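Following: one structure in structure tokens, then a few remarks.
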Amino acid sequence: MQDQLLNEGSVHGRFQPFHNGHLEYVLEAQKRCRFLWIGITKYDIDTSELSPLGRNREKPENNPLTYHERSTIISAALLERGIGLDMFAFIPFPIEKPAKLPQFLPVSVPCFTTVYEEWNREKIQVLRSHGYEVIVLWERERKEISGGEIRGDMLSGGTRWKSMVPPTTVELAQEFCLQERLKKLRESA
């Protein structure tokens, strides 16, 4: 089995916040390679950098966590699962500006992904058109957990979101005052 592992692979996402569905995705990709690059999309949450496409996923209230906060949360979740720091690292992953991708990830590194919606198929085409090999881990009818659902529950003062994320996400979301930040972003939207 060891000989069949890829030397490197990558995953990518906004991870706003990192939830159990993201954890499943990252762990499945990590099992298939010796080293995993974790690409953070929408790594610059500056609103002056919004894509002209104006997608809902780019709104500030849907991107409350910084690159550093997301990498901290993901690292904690992976360490909790026994994945060593020598097995992964983080990179910006500008899927919104795909010509910049090779500045962060060589085209020789395969991209693991999943398919739940049309946006996933669009990303696959974008990555392939820029020379990346894309490996689809699974295709499912719908997401069981979404970041939007979690952020919505937090905004409403709910606690259901805590069952949808790794324990480390709960701890760090509280440390980063995510619920309060979401409320402020919603008010200013």
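Every chain in the structure tokens takes a letter, A first, then B, and so on in the order presented; its residues are numbered from 1, and the ligands are numbered from 1 following the presented order.
Those residues that approach range 29-42 of chain A to within 6 Å, counting only C-alpha atoms, are Leu5, Leu6, Asn7, Glu8, Gly9, Ser10, Val11, His12, Gly13, Arg14, Val26, Leu27, Asp44, Met87, Phe88, Ala89, Phe90, Ile91, Pro92, Phe93 and Pro94 of chain A; same-chain residues fewer than 2 positions away are not listed.
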**Request:** Give me the residues within 6 Å of range 53-70 of chain A as a ChimeraX atom specification, counting only C-alpha atoms and dropping any in the same chain fewer than 4 places off.
**Result:** /A:43,185-186
**Asked** Which is closer to Pro167 in chain A than all the others in A:Leu23, A:Arg142, A:Val109, A:Gln4, using only C-alpha atoms?
**Response** A:Leu23
**Fill in**
From CA of His22 in chain A to CA of His130 in chain A the spacing works out at 24.3 Å
**Request:** Pick out each residue of range 103-167 of chain A that DSSP on the backbone tags as helix (DSSP H, G or I); I need them as a count of residues only.
**Result:** 27
**Message:** Which residues are close to range 116-126 of chain A, i.e. within 8 Å by only C-alpha atoms, leaving aside same-chain residues fewer than 4 positions away? Reply as a list in words.
**Reply:**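 Returned residues: Ile95, Pro98, His130, Val134, Glu139, Arg140, Glu141, Arg142 and Lys143 of chain A.
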**Complete:** CA of Gln179 in chain A to CA of Gly82 in chain A measures 28.3 Å
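Between CA of Arg81 in chain A and CA of Asn20 in chain A the separation is 12.1 Å.
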**Request:** Mind the document's chain letters and residue numbers, and return as a PyMOL selection string the residues of chain A that DSSP labels strand (DSSP E or B).
**Result:** chain A and resi 6-13+33-40+88-92+111-115+134-139
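The nearest approach to Ala99 in chain A among the residues A:Gly158, A:Gly147, A:Gly131, A:Pro166, with only C-alpha atoms taken into account, belongs to A:Gly131.
Residue nearest Glu133 in chain A within the list A:Gly157, A:Pro102, A:Pro110, A:Gly84: A:Pro110 [criterion: smallest interatomic distance, only C-alpha atoms].
In terms of minimum interatomic distance to Gly148 in chain A, A:Leu182 ranks closest within A:Leu127, A:Ile135, A:Leu182, A:Cys177, counting only C-alpha atoms.
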**Of the listed residues A:Gln16, A:Ser188, A:Lys97, A:Tyr25, that which approaches Cys111 in chain A most closely, counting only C-alpha atoms** = A:Tyr25
**Minimum-distance residue to Phe112 in chain A, chosen among A:Ile73, A:Phe18, A:Tyr132, A:Ala173 (using only C-alpha atoms)** = A:Tyr132
